[in-house]
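Asker: Quick one: the structure is below, and I'll ask about it shortly.
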Amino acid sequence: MSTTKFTLAGGIAALALLAAGTASAQSAPLNYQQHLTCSAMFFAFSKLQSDPEDVSALEAATGVMLNRAQALPAARGLSEDQVIEAAVAEAIQIMERVDAQSGMNAKQQVIYSWGPGLDRCLEAVLAEE
């Protein structure tokens with residue numbers, strides 16, 4: 001039985017290659033709430049990682065999605081702190097659900113399937129929006 005270590009950095013690179021070869025027209029742009037959700041998902045996922053490259057990539061993705069959320073019309077009238085607080089509140093919800101799981105696979109599955117799904121969030125963070 002062979003095992004392959006999946007790293008987020010490798011996953012992002014693979015997704016970038018896949019996205020380069022396919023039309024992404026089937027994916028509508030994320031809305032404000034989905035940007036916050038993806039940011040929260042990346043943050044929560046970073047807490048499960050031990051590889052420094054993965055943690056760094058997830059922290060960067062968290063920031064990208066927060067910045068994009070702040071630039072959307074739905075964020076008008078909200079302070080930067082209010083946008084961050086909304087993302088943190090969702091990250092807390094995710095982490096509570098993650099912490100309730102017993103195995104690492106179950107913990108990761110909570111994040112993979114939260115909101116628009118981790119794949120969609122990865123696709124969005126790699127896109128030039």
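A note on labels: chains of the structure tokens are A, B, ... as shown, every chain counts residues from 1, and ligands are counted from 1 in their shown order.
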Hey, what's within 12 Å of Gly63 in chain A if we count only C-alpha atoms and toss same-chain stuff fewer than 2 positions away? As a PyMOL selection string, please?

Answerer: chain A and resi 35-36+38-43+56-61+65-70+83-84+87+125

Asker: Put those residues in a file: C-alpha atoms, as a tab-separated table (two decimals), in the first residue's frame.

Answerer:
```tsv
chain	number	residue	atom	x	y	z
A	35	HIS	CA	-15.82	35.28	0.70
A	36	LEU	CA	-16.17	35.50	4.49
A	38	CYS	CA	-13.95	30.83	2.55
A	39	SER	CA	-11.73	33.04	4.70
A	40	ALA	CA	-13.06	31.30	7.82
A	41	MET	CA	-12.57	27.88	6.21
A	42	PHE	CA	-8.96	28.64	5.29
A	43	PHE	CA	-8.28	29.90	8.81
A	56	SER	CA	1.53	29.84	5.29
A	57	ALA	CA	-0.55	29.17	2.15
A	58	LEU	CA	-3.75	29.01	4.19
A	59	GLU	CA	-2.93	32.20	6.08
A	60	ALA	CA	-2.32	33.96	2.77
A	61	ALA	CA	-5.60	32.61	1.37
A	65	MET	CA	-10.50	36.36	0.80
A	66	LEU	CA	-10.92	38.95	3.57
A	67	ASN	CA	-9.50	41.68	1.34
A	68	ARG	CA	-11.81	40.68	-1.50
A	69	ALA	CA	-14.81	40.61	0.85
A	70	GLN	CA	-14.01	44.14	2.02
A	83	VAL	CA	-15.74	42.34	8.27
A	84	ILE	CA	-13.01	40.53	10.20
A	87	ALA	CA	-15.26	35.98	9.42
A	125	VAL	CA	-8.69	32.31	-4.18
```

Asker: Can you list, as a ChimeraX atom specification, every protein, DNA or RNA residue that comes within 12 Å of Ser113 in chain A when you count only C-alpha atoms, leaving out same-chain residues fewer than 3 positions away?

Answerer: /A:37-38,41,45,94,97-98,106-110,116-121

Asker: Could you work out how far CA of Leu48 in chain A lies from CA of Ala100 in chain A, giving the answer in Å with one decimal?

Answerer: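 Here the two named atoms are 13.6 Å from each other.
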